[in-house]
Structure formats: C-alpha cells, structure tokens
>>> print(open('data19.pdb').read())   # PDB, C-alpha atoms, pLDDT in the B column
ATOM      1  CA  MET A1051      11.329  19.732 -11.681  1.00 34.00           C
ATOM      2  CA  LYS A1052      12.183  16.320 -10.297  1.00 42.00           C
ATOM      3  CA  THR A1053       9.368  14.558  -8.432  1.00 49.00           C
ATOM      4  CA  ALA A1054       9.563  11.874  -5.763  1.00 67.00           C
ATOM      5  CA  VAL A1055       8.285   8.598  -7.169  1.00 76.00           C
ATOM      6  CA  PRO A1056       7.449   5.662  -4.872  1.00 84.00           C
ATOM      7  CA  CYS A1057       9.845   2.742  -5.442  1.00 89.00           C
ATOM      8  CA  TYR A1058       9.953  -0.936  -4.441  1.00 92.00           C
ATOM      9  CA  TYR A1059      12.662  -3.594  -4.628  1.00 93.00           C
ATOM     10  CA  HIS A1060      12.584  -7.295  -3.653  1.00 95.00           C
ATOM     11  CA  LEU A1061      15.474  -9.751  -3.451  1.00 94.00           C
ATOM     12  CA  ASP A1062      15.477 -13.415  -2.397  1.00 93.00           C
ATOM     13  CA  VAL A1063      18.896 -14.642  -1.284  1.00 93.00           C
ATOM     14  CA  GLU A1064      20.533 -17.690   0.250  1.00 92.00           C
ATOM     15  CA  VAL A1065      22.628 -16.134   3.000  1.00 91.00           C
ATOM     16  CA  SER A1066      26.325 -16.950   3.174  1.00 91.00           C
ATOM     17  CA  PRO A1067      29.350 -14.879   4.244  1.00 89.00           C
ATOM     18  CA  GLU A1068      30.213 -14.158   0.601  1.00 90.00           C
ATOM     19  CA  ARG A1069      26.669 -13.098  -0.275  1.00 91.00           C
ATOM     20  CA  VAL A1070      26.342 -10.589   2.591  1.00 91.00           C
ATOM     21  CA  GLY A1071      28.730  -8.095   0.967  1.00 90.00           C
ATOM     22  CA  GLN A1072      27.252  -8.718  -2.460  1.00 93.00           C
ATOM     23  CA  VAL A1073      23.724  -8.010  -1.180  1.00 94.00           C
ATOM     24  CA  GLY A1074      24.992  -4.786   0.413  1.00 93.00           C
ATOM     25  CA  ARG A1075      26.383  -3.646  -2.948  1.00 94.00           C
ATOM     26  CA  ILE A1076      23.099  -4.517  -4.700  1.00 94.00           C
ATOM     27  CA  LEU A1077      21.061  -2.529  -2.177  1.00 95.00           C
ATOM     28  CA  ALA A1078      23.502   0.395  -2.445  1.00 95.00           C
ATOM     29  CA  ALA A1079      23.116   0.423  -6.233  1.00 94.00           C
ATOM     30  CA  HIS A1080      19.333   0.619  -5.933  1.00 92.00           C
ATOM     31  CA  LEU A1081      19.533   3.418  -3.375  1.00 92.00           C
ATOM     32  CA  ARG A1082      21.854   5.387  -5.665  1.00 91.00           C
ATOM     33  CA  PHE A1083      19.504   4.763  -8.591  1.00 90.00           C
ATOM     34  CA  TRP A1084      16.640   6.169  -6.466  1.00 88.00           C
ATOM     35  CA  ASP A1085      18.822   9.231  -5.619  1.00 87.00           C
ATOM     36  CA  LEU A1086      19.089   8.173  -1.966  1.00 89.00           C
ATOM     37  CA  GLU A1087      22.878   8.272  -1.715  1.00 89.00           C
ATOM     38  CA  ASN A1088      22.695   9.596   1.855  1.00 89.00           C
ATOM     39  CA  LEU A1089      20.869   6.443   3.037  1.00 91.00           C
ATOM     40  CA  VAL A1090      23.364   3.932   1.610  1.00 92.00           C
ATOM     41  CA  GLU A1091      25.499   3.615   4.747  1.00 92.00           C
ATOM     42  CA  PRO A1092      22.748   3.190   7.386  1.00 91.00           C
ATOM     43  CA  VAL A1093      20.533   0.952   5.240  1.00 92.00           C
ATOM     44  CA  CYS A1094      23.261  -1.304   3.874  1.00 92.00           C
ATOM     45  CA  GLY A1095      24.964  -1.472   7.281  1.00 91.00           C
ATOM     46  CA  GLY A1096      21.727  -2.531   8.982  1.00 91.00           C
ATOM     47  CA  ALA A1097      20.851  -5.045   6.279  1.00 93.00           C
ATOM     48  CA  GLU A1098      24.338  -6.579   6.297  1.00 92.00           C
ATOM     49  CA  MET A1099      24.264  -6.852  10.092  1.00 90.00           C
ATOM     50  CA  LEU A1100      20.913  -8.679   9.984  1.00 90.00           C
ATOM     51  CA  LEU A1101      22.121 -11.008   7.235  1.00 91.00           C
ATOM     52  CA  ARG A1102      25.289 -11.867   9.202  1.00 90.00           C
ATOM     53  CA  ALA A1103      23.142 -12.672  12.260  1.00 87.00           C
ATOM     54  CA  ILE A1104      20.883 -14.885  10.134  1.00 86.00           C
ATOM     55  CA  ASP A1105      23.942 -16.627   8.685  1.00 87.00           C
ATOM     56  CA  GLU A1106      25.365 -17.220  12.173  1.00 86.00           C
ATOM     57  CA  HIS A1107      22.216 -18.317  14.043  1.00 81.00           C
ATOM     58  CA  ALA A1108      19.636 -19.643  11.559  1.00 80.00           C
ATOM     59  CA  THR A1109      19.468 -23.176  10.213  1.00 82.00           C
ATOM     60  CA  ASP A1110      17.434 -22.108   7.147  1.00 84.00           C
ATOM     61  CA  LYS A1111      19.679 -19.674   5.262  1.00 87.00           C
ATOM     62  CA  ASN A1112      17.011 -18.370   2.849  1.00 90.00           C
ATOM     63  CA  ALA A1113      15.998 -14.748   3.338  1.00 91.00           C
ATOM     64  CA  SER A1114      13.945 -12.135   1.533  1.00 92.00           C
ATOM     65  CA  ILE A1115      14.876  -8.471   1.447  1.00 94.00           C
ATOM     66  CA  GLU A1116      12.468  -5.717   0.490  1.00 95.00           C
ATOM     67  CA  MET A1117      12.877  -1.953   0.277  1.00 95.00           C
ATOM     68  CA  TRP A1118      10.021   0.550  -0.070  1.00 94.00           C
ATOM     69  CA  TRP A1119      10.570   4.248  -0.746  1.00 91.00           C
ATOM     70  CA  ASN A1120       7.451   6.425  -0.455  1.00 87.00           C
ATOM     71  CA  GLY A1121       9.059   9.807  -1.007  1.00 85.00           C
ATOM     72  CA  GLN A1122       9.710  10.476   2.678  1.00 86.00           C
ATOM     73  CA  HIS A1123      10.673   7.172   4.318  1.00 89.00           C
ATOM     74  CA  LEU A1124      12.687   4.179   3.211  1.00 92.00           C
ATOM     75  CA  ILE A1125      11.581   0.943   4.858  1.00 93.00           C
ATOM     76  CA  THR A1126      13.883  -2.059   4.650  1.00 94.00           C
ATOM     77  CA  ALA A1127      12.518  -5.470   5.687  1.00 93.00           C
ATOM     78  CA  ILE A1128      14.380  -8.760   5.963  1.00 92.00           C
ATOM     79  CA  GLY A1129      12.403 -11.950   6.350  1.00 89.00           C
ATOM     80  CA  GLU A1130      13.857 -15.297   7.363  1.00 86.00           C
ATOM     81  CA  ASN A1131      12.274 -18.747   7.379  1.00 81.00           C
ATOM     82  CA  ASP A1132      13.770 -20.343  10.513  1.00 76.00           C
ATOM     83  CA  ARG A1133      11.031 -21.052  13.088  1.00 71.00           C
ATOM     84  CA  ALA A1134      13.593 -21.778  15.826  1.00 70.00           C
ATOM     85  CA  LEU A1135      15.418 -18.453  15.503  1.00 71.00           C
ATOM     86  CA  ARG A1136      14.569 -16.090  18.369  1.00 69.00           C
ATOM     87  CA  PRO A1137      15.460 -12.497  17.456  1.00 64.00           C
ATOM     88  CA  ASP A1138      15.132 -11.413  21.085  1.00 66.00           C
ATOM     89  CA  ARG A1139      17.891 -13.865  22.097  1.00 67.00           C
ATOM     90  CA  GLN A1140      20.250 -14.621  19.197  1.00 65.00           C
ATOM     91  CA  MET A1141      19.943 -11.241  17.479  1.00 72.00           C
ATOM     92  CA  ARG A1142      19.648  -8.916  20.496  1.00 73.00           C
ATOM     93  CA  GLY A1143      22.814  -6.896  19.742  1.00 78.00           C
ATOM     94  CA  CYS A1144      21.788  -6.479  16.116  1.00 80.00           C
ATOM     95  CA  LEU A1145      18.328  -5.233  17.111  1.00 82.00           C
ATOM     96  CA  GLU A1146      19.819  -2.789  19.630  1.00 84.00           C
ATOM     97  CA  HIS A1147      22.015  -1.351  16.888  1.00 84.00           C
ATOM     98  CA  LEU A1148      19.008  -1.030  14.545  1.00 85.00           C
ATOM     99  CA  ALA A1149      17.026   0.746  17.255  1.00 84.00           C
ATOM    100  CA  ALA A1150      19.855   3.236  17.774  1.00 86.00           C
ATOM    101  CA  SER A1151      20.614   3.891  14.107  1.00 85.00           C
ATOM    102  CA  SER A1152      17.147   4.006  12.502  1.00 87.00           C
ATOM    103  CA  ASP A1153      14.061   6.168  12.805  1.00 89.00           C
ATOM    104  CA  GLY A1154      11.855   3.160  13.495  1.00 88.00           C
ATOM    105  CA  TRP A1155      12.122  -0.619  13.613  1.00 88.00           C
ATOM    106  CA  GLY A1156      10.140  -3.705  14.483  1.00 87.00           C
ATOM    107  CA  CYS A1157       9.853  -7.459  14.300  1.00 86.00           C
ATOM    108  CA  CYS A1158       6.729  -9.417  13.442  1.00 85.00           C
ATOM    109  CA  ALA A1159       5.835 -13.052  12.847  1.00 82.00           C
ATOM    110  CA  THR A1160       4.137 -14.331   9.705  1.00 81.00           C
ATOM    111  CA  GLU A1161       1.451 -16.978   9.396  1.00 82.00           C
ATOM    112  CA  ASN A1162       3.961 -19.739   8.620  1.00 78.00           C
ATOM    113  CA  GLY A1163       6.139 -19.000  11.673  1.00 76.00           C
ATOM    114  CA  SER A1164       8.902 -17.037   9.982  1.00 81.00           C
ATOM    115  CA  LYS A1165       9.891 -13.572  11.163  1.00 85.00           C
ATOM    116  CA  VAL A1166      10.272 -10.220   9.443  1.00 89.00           C
ATOM    117  CA  ILE A1167      12.579  -7.574  10.887  1.00 89.00           C
ATOM    118  CA  TRP A1168      12.156  -4.100   9.444  1.00 91.00           C
ATOM    119  CA  PHE A1169      13.682  -0.672   9.976  1.00 92.00           C
ATOM    120  CA  SER A1170      12.999   2.725   8.469  1.00 93.00           C
ATOM    121  CA  GLN A1171      15.116   5.712   7.541  1.00 91.00           C
ATOM    122  CA  ARG A1172      13.625   9.130   6.973  1.00 88.00           C
ATOM    123  CA  ALA A1173      15.024  11.376   4.279  1.00 77.00           C
ATOM    124  CA  ARG A1174      16.007  14.643   5.913  1.00 56.00           C
ATOM    125  CA  ALA A1175      14.534  17.939   4.744  1.00 41.00           C
ATOM    126  CA  GLY A1176      16.081  19.194   1.531  1.00 43.00           C
ATOM    127  CA  GLU A1177      17.496  15.830   0.528  1.00 47.00           C
ATOM    128  CA  ARG A1178      14.507  14.766  -1.552  1.00 48.00           C
ATOM    129  CA  VAL A1179      11.862  16.632  -3.471  1.00 49.00           C
ATOM    130  CA  PRO A1180       8.651  16.799  -1.426  1.00 50.00           C
ATOM    131  CA  LEU A1181       5.539  15.060  -2.713  1.00 54.00           C
ATOM    132  CA  VAL A1182       3.596  18.339  -2.572  1.00 56.00           C
ATOM    133  CA  PRO A1183       3.102  19.698  -6.103  1.00 57.00           C
ATOM    134  CA  ALA A1184       4.495  23.094  -6.943  1.00 58.00           C
ATOM    135  CA  ALA A1185       2.091  26.024  -7.199  1.00 62.00           C
ATOM    136  CA  PRO A1186       0.929  26.734 -10.769  1.00 62.00           C
ATOM    137  CA  ASP A1187       2.649  29.521 -12.649  1.00 60.00           C
ATOM    138  CA  PRO A1188      -0.047  31.034 -14.909  1.00 57.00           C
ATOM    139  CA  ARG A1189       0.997  33.031 -17.926  1.00 58.00           C
ATOM    140  CA  GLU A1190      -0.981  35.713 -19.723  1.00 55.00           C
ATOM    141  CA  SER A1191      -1.247  33.539 -22.814  1.00 54.00           C
ATOM    142  CA  GLU A1192      -2.986  30.881 -20.723  1.00 56.00           C
ATOM    143  CA  GLY A1193      -5.618  33.265 -19.353  1.00 56.00           C
ATOM    144  CA  LEU A1194      -9.281  32.840 -20.234  1.00 57.00           C
ATOM    145  CA  ASP A1195     -11.752  35.536 -21.237  1.00 59.00           C
ATOM    146  CA  LEU A1196     -14.276  36.488 -18.599  1.00 58.00           C
ATOM    147  CA  PRO A1197     -17.747  35.088 -19.277  1.00 56.00           C
ATOM    148  CA  ARG A1198     -20.590  37.433 -20.153  1.00 60.00           C
ATOM    149  CA  GLU A1199     -22.754  38.376 -17.241  1.00 60.00           C
ATOM    150  CA  LEU A1200     -26.059  36.497 -17.327  1.00 56.00           C
ATOM    151  CA  SER A1201     -28.773  36.567 -14.741  1.00 57.00           C
ATOM    152  CA  VAL A1202     -29.577  33.399 -12.783  1.00 55.00           C
ATOM    153  CA  ALA A1203     -33.178  33.455 -14.073  1.00 55.00           C
ATOM    154  CA  THR A1204     -31.944  33.391 -17.658  1.00 55.00           C
ATOM    155  CA  LEU A1205     -29.559  30.508 -16.945  1.00 52.00           C
ATOM    156  CA  THR A1206     -32.303  28.416 -15.281  1.00 55.00           C
ATOM    157  CA  GLY A1207     -34.894  29.207 -17.928  1.00 57.00           C
ATOM    158  CA  ARG A1208     -37.248  30.879 -15.447  1.00 54.00           C
ATOM    159  CA  VAL A1209     -38.476  34.333 -16.007  1.00 53.00           C
ATOM    160  CA  ARG A1210     -39.786  36.449 -13.135  1.00 53.00           C
ATOM    161  CA  THR A1211     -43.530  37.064 -13.323  1.00 55.00           C
ATOM    162  CA  PRO A1212     -45.450  39.813 -11.539  1.00 57.00           C
ATOM    163  CA  GLY A1213     -46.450  37.348  -8.754  1.00 56.00           C
ATOM    164  CA  GLY A1214     -42.819  36.231  -8.311  1.00 55.00           C
ATOM    165  CA  LEU A1215     -41.258  32.769  -8.383  1.00 51.00           C
ATOM    166  CA  LEU A1216     -42.636  31.885  -4.958  1.00 50.00           C
ATOM    167  CA  GLU A1217     -46.193  32.460  -6.208  1.00 52.00           C
ATOM    168  CA  GLU A1218     -45.565  30.022  -9.082  1.00 52.00           C
ATOM    169  CA  ALA A1219     -44.372  27.310  -6.720  1.00 51.00           C
ATOM    170  CA  ARG A1220     -47.706  27.318  -4.807  1.00 49.00           C
TER     171      ARG A1220
END
>>> encode(input="data19.pdb", output="structure tokens")
Amino acid sequence: MKTAVPCYYHLDVEVSPERVGQVGRILAAHLRFWDLENLVEPVCGGAEMLLRAIDEHATDKNASIEMWWNGQHLITAIGENDRALRPDRQMRGCLEHLAASSDGWGCCATENGSKVIWFSQRARAGERVPLVPAAPDPRESEGLDLPRELSVATLTGRVRTPGGLLEEAR
C-alpha cells in the first residue's frame, strides 16, 4: 500500500521573464514526483502569476519559493525582498485570482520587511492515500496462545488468610 509522506521543496530564484516558465516546469516536476499531477495546473499557474507580478513591480528581483505537502494540503509560498512593493496595490489582480482559484491564501510580512504570499490547494478525496493507517489483517499463524488462568492473589504474591487481606492491612 502506498502511504502519503510529507514533502518539502525550496527554490531561490532571480525573477526574470525567462525564469518564470522555467520555475513553473521545475515546480510541475516536483508535483509529479510527489504524485500530485492534479495540482500542477493551479499551483504552477498561481506561482507563475506571482512571479510575473514580482518581475513587473519589484525592484529587488530575488524571490524564494517553497512548497509543503502534508498528505492533505499543498501550501505554496513565494517570498520577495522588496520593501516598497505593496501587494494590495500592485498585485491586487493576482491576489484576487489566487483567492478565487485556491482553497486558502494569505500575505504576511517578515521581520526584515519582505513579504510572503502563500496559497493552499487541498487534494480531493480519492486522489491521495489518506494518512490514516489501514486496519490490521491478522492471520491464524500470527495468533498467540491464550495465557493460563492465574488468580490475582497468586500474581501479586499475596495469599488470602482467614482474616482476609483487609485485616492484614490494619
């Protein structure tokens, strides 16, 4: 049986028009390797759209891309280093598209003033193996013999006296 294994991928890239398509192909290859073929189009489309917006509006063209797969959700995050870039203004159309095409999304600032934009895609039922382990399938050859029946007093080393165990405790 195939099990879902958590996966992580990180890529640092200097964004340019030529690199956007290349990064999309790299992300698609990792998704196929993780058996997430059905997520290639929405994830790569969203990532390429964000990278094009960074290329168009940012002065610092360095970006980091991370993908996390936990067995149920794929989270893709793209971080950029331009303090002057305002996602709510320059990237509004891109963020609206992400909100419409993903299961969840967000934008947060880091300590050094850069921003991280993330979006998540859920794997639909039946597309991935659930993380819940399968029920055991015992065989007769694996069965154990039943233990002999022993009294509790014998197991604890106490033997009942005529006055009883409570009398001994006094």
>>> residues_around(input="data19.pdb", residues="Glu1091 (chain A)", least_positions_apart="5", cutoff="10 Å", atoms="all atoms listed in the file", output="list in words")
Gly1074, Ala1078, Gly1096 and Ala1097 of chain A
>>> resolve_selection(input="data19.pdb", expression="the PyMOL selection byres ((chain A and resi 1103) around 10)", output="mmCIF file with C-alpha atoms, in the frame of the given file")
data_model
loop_
_atom_site.group_PDB
_atom_site.id
_atom_site.type_symbol
_atom_site.label_atom_id
_atom_site.label_comp_id
_atom_site.auth_asym_id
_atom_site.auth_seq_id
_atom_site.Cartn_x
_atom_site.Cartn_y
_atom_site.Cartn_z
ATOM 1 C CA VAL A 1065 22.628 -16.134 3.000
ATOM 2 C CA ALA A 1097 20.851 -5.045 6.279
ATOM 3 C CA GLU A 1098 24.338 -6.579 6.297
ATOM 4 C CA MET A 1099 24.264 -6.852 10.092
ATOM 5 C CA LEU A 1100 20.913 -8.679 9.984
ATOM 6 C CA LEU A 1101 22.121 -11.008 7.235
ATOM 7 C CA ARG A 1102 25.289 -11.867 9.202
ATOM 8 C CA ILE A 1104 20.883 -14.885 10.134
ATOM 9 C CA ASP A 1105 23.942 -16.627 8.685
ATOM 10 C CA GLU A 1106 25.365 -17.220 12.173
ATOM 11 C CA HIS A 1107 22.216 -18.317 14.043
ATOM 12 C CA ALA A 1108 19.636 -19.643 11.559
ATOM 13 C CA PRO A 1137 15.460 -12.497 17.456
ATOM 14 C CA GLN A 1140 20.250 -14.621 19.197
ATOM 15 C CA MET A 1141 19.943 -11.241 17.479
ATOM 16 C CA ARG A 1142 19.648 -8.916 20.496
ATOM 17 C CA GLY A 1143 22.814 -6.896 19.742
ATOM 18 C CA CYS A 1144 21.788 -6.479 16.116
#
>>> closest_atom_pairs(input="data19.pdb", of="region 1073-1107 of chain A", to="region 1056-1063 of chain A", cutoff="10 Å", atoms="only C-alpha atoms", output="JSON lines")
{"residue": "A:Val1073", "atom": "CA", "partner": "A:Val1063", "partner_atom": "CA", "distance": 8.2}
{"residue": "A:Ile1076", "atom": "CA", "partner": "A:Leu1061", "partner_atom": "CA", "distance": 9.3}
{"residue": "A:Leu1077", "atom": "CA", "partner": "A:Tyr1059", "partner_atom": "CA", "distance": 8.8}
{"residue": "A:His1080", "atom": "CA", "partner": "A:Tyr1059", "partner_atom": "CA", "distance": 8.0}
{"residue": "A:Leu1081", "atom": "CA", "partner": "A:Tyr1059", "partner_atom": "CA", "distance": 9.9}
{"residue": "A:Trp1084", "atom": "CA", "partner": "A:Cys1057", "partner_atom": "CA", "distance": 7.7}
{"residue": "A:Leu1101", "atom": "CA", "partner": "A:Val1063", "partner_atom": "CA", "distance": 9.8}
>>> closest_residue(input="data19.pdb", among="A:Leu1124, A:Val1070, A:Leu1148, A:Leu1135", to="Leu1086 (chain A)", atoms="all atoms listed in the file")
A:Leu1124
>>> resolve_selection(input="data19.pdb", expression="the PyMOL selection byres ((chain A and resi 1157) around 7)", output="PyMOL selection string")
chain A and resi 1156+1158+1165-1168
>>> axis_aligned_box(input="data19.pdb", around="region 1090-1109 of chain A", padding_each_side="3 Å", output="AutoDock Vina command-line options")
--center_x 22.5 --center_y -9.6 --center_z 7.8 --size_x 12.0 --size_y 33.1 --size_z 18.4
>>> atom_distance(input="data19.pdb", atom1="CA of Ile1125 (chain A)", atom2="CA of Phe1169 (chain A)")
5.8 Å
>>> atom_distance(input="data19.pdb", atom1="CA of Pro1092 (chain A)", atom2="CA of Ala1134 (chain A)")
27.9 Å
>>> atom_distance(input="data19.pdb", atom1="CA of Asn1088 (chain A)", atom2="CA of Gln1171 (chain A)")
10.2 Å
>>> resolve_selection(input="data19.pdb", expression="the PyMOL selection byres ((chain A and resi 1131) around 8)", output="list in words")
Asp1110, Lys1111, Asn1112, Ala1113, Gly1129, Glu1130, Asp1132, Arg1133, Gly1163, Ser1164 and Lys1165 of chain A
>>> decode(input="data19.pdb", residues="region 1139-1173 of chain A", atoms="N, CA and C atoms", output="mmCIF file, in the first residue's frame")
data_model
loop_
_atom_site.group_PDB
_atom_site.id
_atom_site.type_symbol
_atom_site.label_atom_id
_atom_site.label_comp_id
_atom_site.auth_asym_id
_atom_site.auth_seq_id
_atom_site.Cartn_x
_atom_site.Cartn_y
_atom_site.Cartn_z
ATOM 1 N N ARG A 1139 -1.760 46.862 -3.649
ATOM 2 C CA ARG A 1139 -1.894 47.818 -4.758
ATOM 3 C C ARG A 1139 -1.392 47.220 -6.067
ATOM 4 N N GLN A 1140 -0.092 46.908 -6.137
ATOM 5 C CA GLN A 1140 0.498 46.457 -7.397
ATOM 6 C C GLN A 1140 0.070 45.041 -7.784
ATOM 7 N N MET A 1141 -0.273 44.218 -6.824
ATOM 8 C CA MET A 1141 -0.555 42.812 -7.118
ATOM 9 C C MET A 1141 -2.015 42.446 -6.838
ATOM 10 N N ARG A 1142 -2.894 43.415 -6.831
ATOM 11 C CA ARG A 1142 -4.300 43.187 -6.460
ATOM 12 C C ARG A 1142 -4.974 42.149 -7.370
ATOM 13 N N GLY A 1143 -4.816 42.263 -8.679
ATOM 14 C CA GLY A 1143 -5.436 41.312 -9.602
ATOM 15 C C GLY A 1143 -4.917 39.895 -9.403
ATOM 16 N N CYS A 1144 -3.634 39.790 -9.139
ATOM 17 C CA CYS A 1144 -3.013 38.483 -8.895
ATOM 18 C C CYS A 1144 -3.592 37.851 -7.623
ATOM 19 N N LEU A 1145 -3.732 38.657 -6.577
ATOM 20 C CA LEU A 1145 -4.266 38.142 -5.312
ATOM 21 C C LEU A 1145 -5.740 37.758 -5.449
ATOM 22 N N GLU A 1146 -6.492 38.502 -6.241
ATOM 23 C CA GLU A 1146 -7.899 38.150 -6.473
ATOM 24 C C GLU A 1146 -8.002 36.801 -7.184
ATOM 25 N N HIS A 1147 -7.124 36.586 -8.152
ATOM 26 C CA HIS A 1147 -7.112 35.298 -8.853
ATOM 27 C C HIS A 1147 -6.745 34.158 -7.897
ATOM 28 N N LEU A 1148 -5.750 34.377 -7.042
ATOM 29 C CA LEU A 1148 -5.365 33.352 -6.060
ATOM 30 C C LEU A 1148 -6.519 33.032 -5.115
ATOM 31 N N ALA A 1149 -7.225 34.068 -4.680
ATOM 32 C CA ALA A 1149 -8.355 33.856 -3.773
ATOM 33 C C ALA A 1149 -9.444 33.021 -4.446
ATOM 34 N N ALA A 1150 -9.658 33.236 -5.731
ATOM 35 C CA ALA A 1150 -10.700 32.502 -6.446
ATOM 36 C C ALA A 1150 -10.294 31.079 -6.801
ATOM 37 N N SER A 1151 -9.008 30.843 -6.999
ATOM 38 C CA SER A 1151 -8.576 29.534 -7.509
ATOM 39 C C SER A 1151 -7.954 28.621 -6.458
ATOM 40 N N SER A 1152 -7.803 29.076 -5.224
ATOM 41 C CA SER A 1152 -7.177 28.229 -4.200
ATOM 42 C C SER A 1152 -8.126 28.017 -3.036
ATOM 43 N N ASP A 1153 -7.786 27.058 -2.201
ATOM 44 C CA ASP A 1153 -8.595 26.760 -1.018
ATOM 45 C C ASP A 1153 -8.326 27.725 0.124
ATOM 46 N N GLY A 1154 -7.172 28.355 0.116
ATOM 47 C CA GLY A 1154 -6.824 29.342 1.124
ATOM 48 C C GLY A 1154 -5.622 30.130 0.651
ATOM 49 N N TRP A 1155 -5.468 31.364 1.128
ATOM 50 C CA TRP A 1155 -4.338 32.175 0.723
ATOM 51 C C TRP A 1155 -4.115 33.237 1.783
ATOM 52 N N GLY A 1156 -2.954 33.883 1.716
ATOM 53 C CA GLY A 1156 -2.663 34.945 2.656
ATOM 54 C C GLY A 1156 -1.369 35.640 2.297
ATOM 55 N N CYS A 1157 -1.134 36.744 2.982
ATOM 56 C CA CYS A 1157 0.073 37.535 2.780
ATOM 57 C C CYS A 1157 0.533 37.981 4.154
ATOM 58 N N CYS A 1158 1.808 37.832 4.435
ATOM 59 C CA CYS A 1158 2.325 38.259 5.735
ATOM 60 C C CYS A 1158 3.702 38.889 5.549
ATOM 61 N N ALA A 1159 4.036 39.784 6.469
ATOM 62 C CA ALA A 1159 5.331 40.458 6.431
ATOM 63 C C ALA A 1159 6.312 39.710 7.321
ATOM 64 N N THR A 1160 7.582 39.783 6.967
ATOM 65 C CA THR A 1160 8.632 39.170 7.786
ATOM 66 C C THR A 1160 9.311 40.252 8.609
ATOM 67 N N GLU A 1161 10.220 39.845 9.456
ATOM 68 C CA GLU A 1161 10.921 40.786 10.329
ATOM 69 C C GLU A 1161 11.741 41.810 9.557
ATOM 70 N N ASN A 1162 12.291 41.427 8.418
ATOM 71 C CA ASN A 1162 13.144 42.344 7.654
ATOM 72 C C ASN A 1162 12.371 43.190 6.645
ATOM 73 N N GLY A 1163 11.040 43.134 6.663
ATOM 74 C CA GLY A 1163 10.234 43.980 5.793
ATOM 75 C C GLY A 1163 9.813 43.348 4.488
ATOM 76 N N SER A 1164 10.287 42.157 4.192
ATOM 77 C CA SER A 1164 9.851 41.489 2.965
ATOM 78 C C SER A 1164 8.467 40.874 3.198
ATOM 79 N N LYS A 1165 7.861 40.387 2.132
ATOM 80 C CA LYS A 1165 6.529 39.819 2.222
ATOM 81 C C LYS A 1165 6.512 38.386 1.695
ATOM 82 N N VAL A 1166 5.633 37.588 2.264
ATOM 83 C CA VAL A 1166 5.432 36.217 1.815
ATOM 84 C C VAL A 1166 3.963 36.081 1.434
ATOM 85 N N ILE A 1167 3.720 35.633 0.222
ATOM 86 C CA ILE A 1167 2.361 35.368 -0.247
ATOM 87 C C ILE A 1167 2.240 33.857 -0.404
ATOM 88 N N TRP A 1168 1.224 33.290 0.215
ATOM 89 C CA TRP A 1168 1.055 31.840 0.177
ATOM 90 C C TRP A 1168 -0.358 31.493 -0.283
ATOM 91 N N PHE A 1169 -0.505 30.299 -0.821
ATOM 92 C CA PHE A 1169 -1.824 29.769 -1.161
ATOM 93 C C PHE A 1169 -1.790 28.261 -1.003
ATOM 94 N N SER A 1170 -2.951 27.690 -0.730
ATOM 95 C CA SER A 1170 -3.006 26.245 -0.488
ATOM 96 C C SER A 1170 -3.995 25.591 -1.440
ATOM 97 N N GLN A 1171 -3.711 24.353 -1.745
ATOM 98 C CA GLN A 1171 -4.584 23.512 -2.563
ATOM 99 C C GLN A 1171 -4.811 22.221 -1.801
ATOM 100 N N ARG A 1172 -6.038 21.827 -1.687
ATOM 101 C CA ARG A 1172 -6.384 20.589 -0.999
ATOM 102 C C ARG A 1172 -6.484 19.470 -2.026
ATOM 103 N N ALA A 1173 -5.959 18.324 -1.676
ATOM 104 C CA ALA A 1173 -6.112 17.157 -2.550
ATOM 105 C C ALA A 1173 -7.505 16.606 -2.317
#
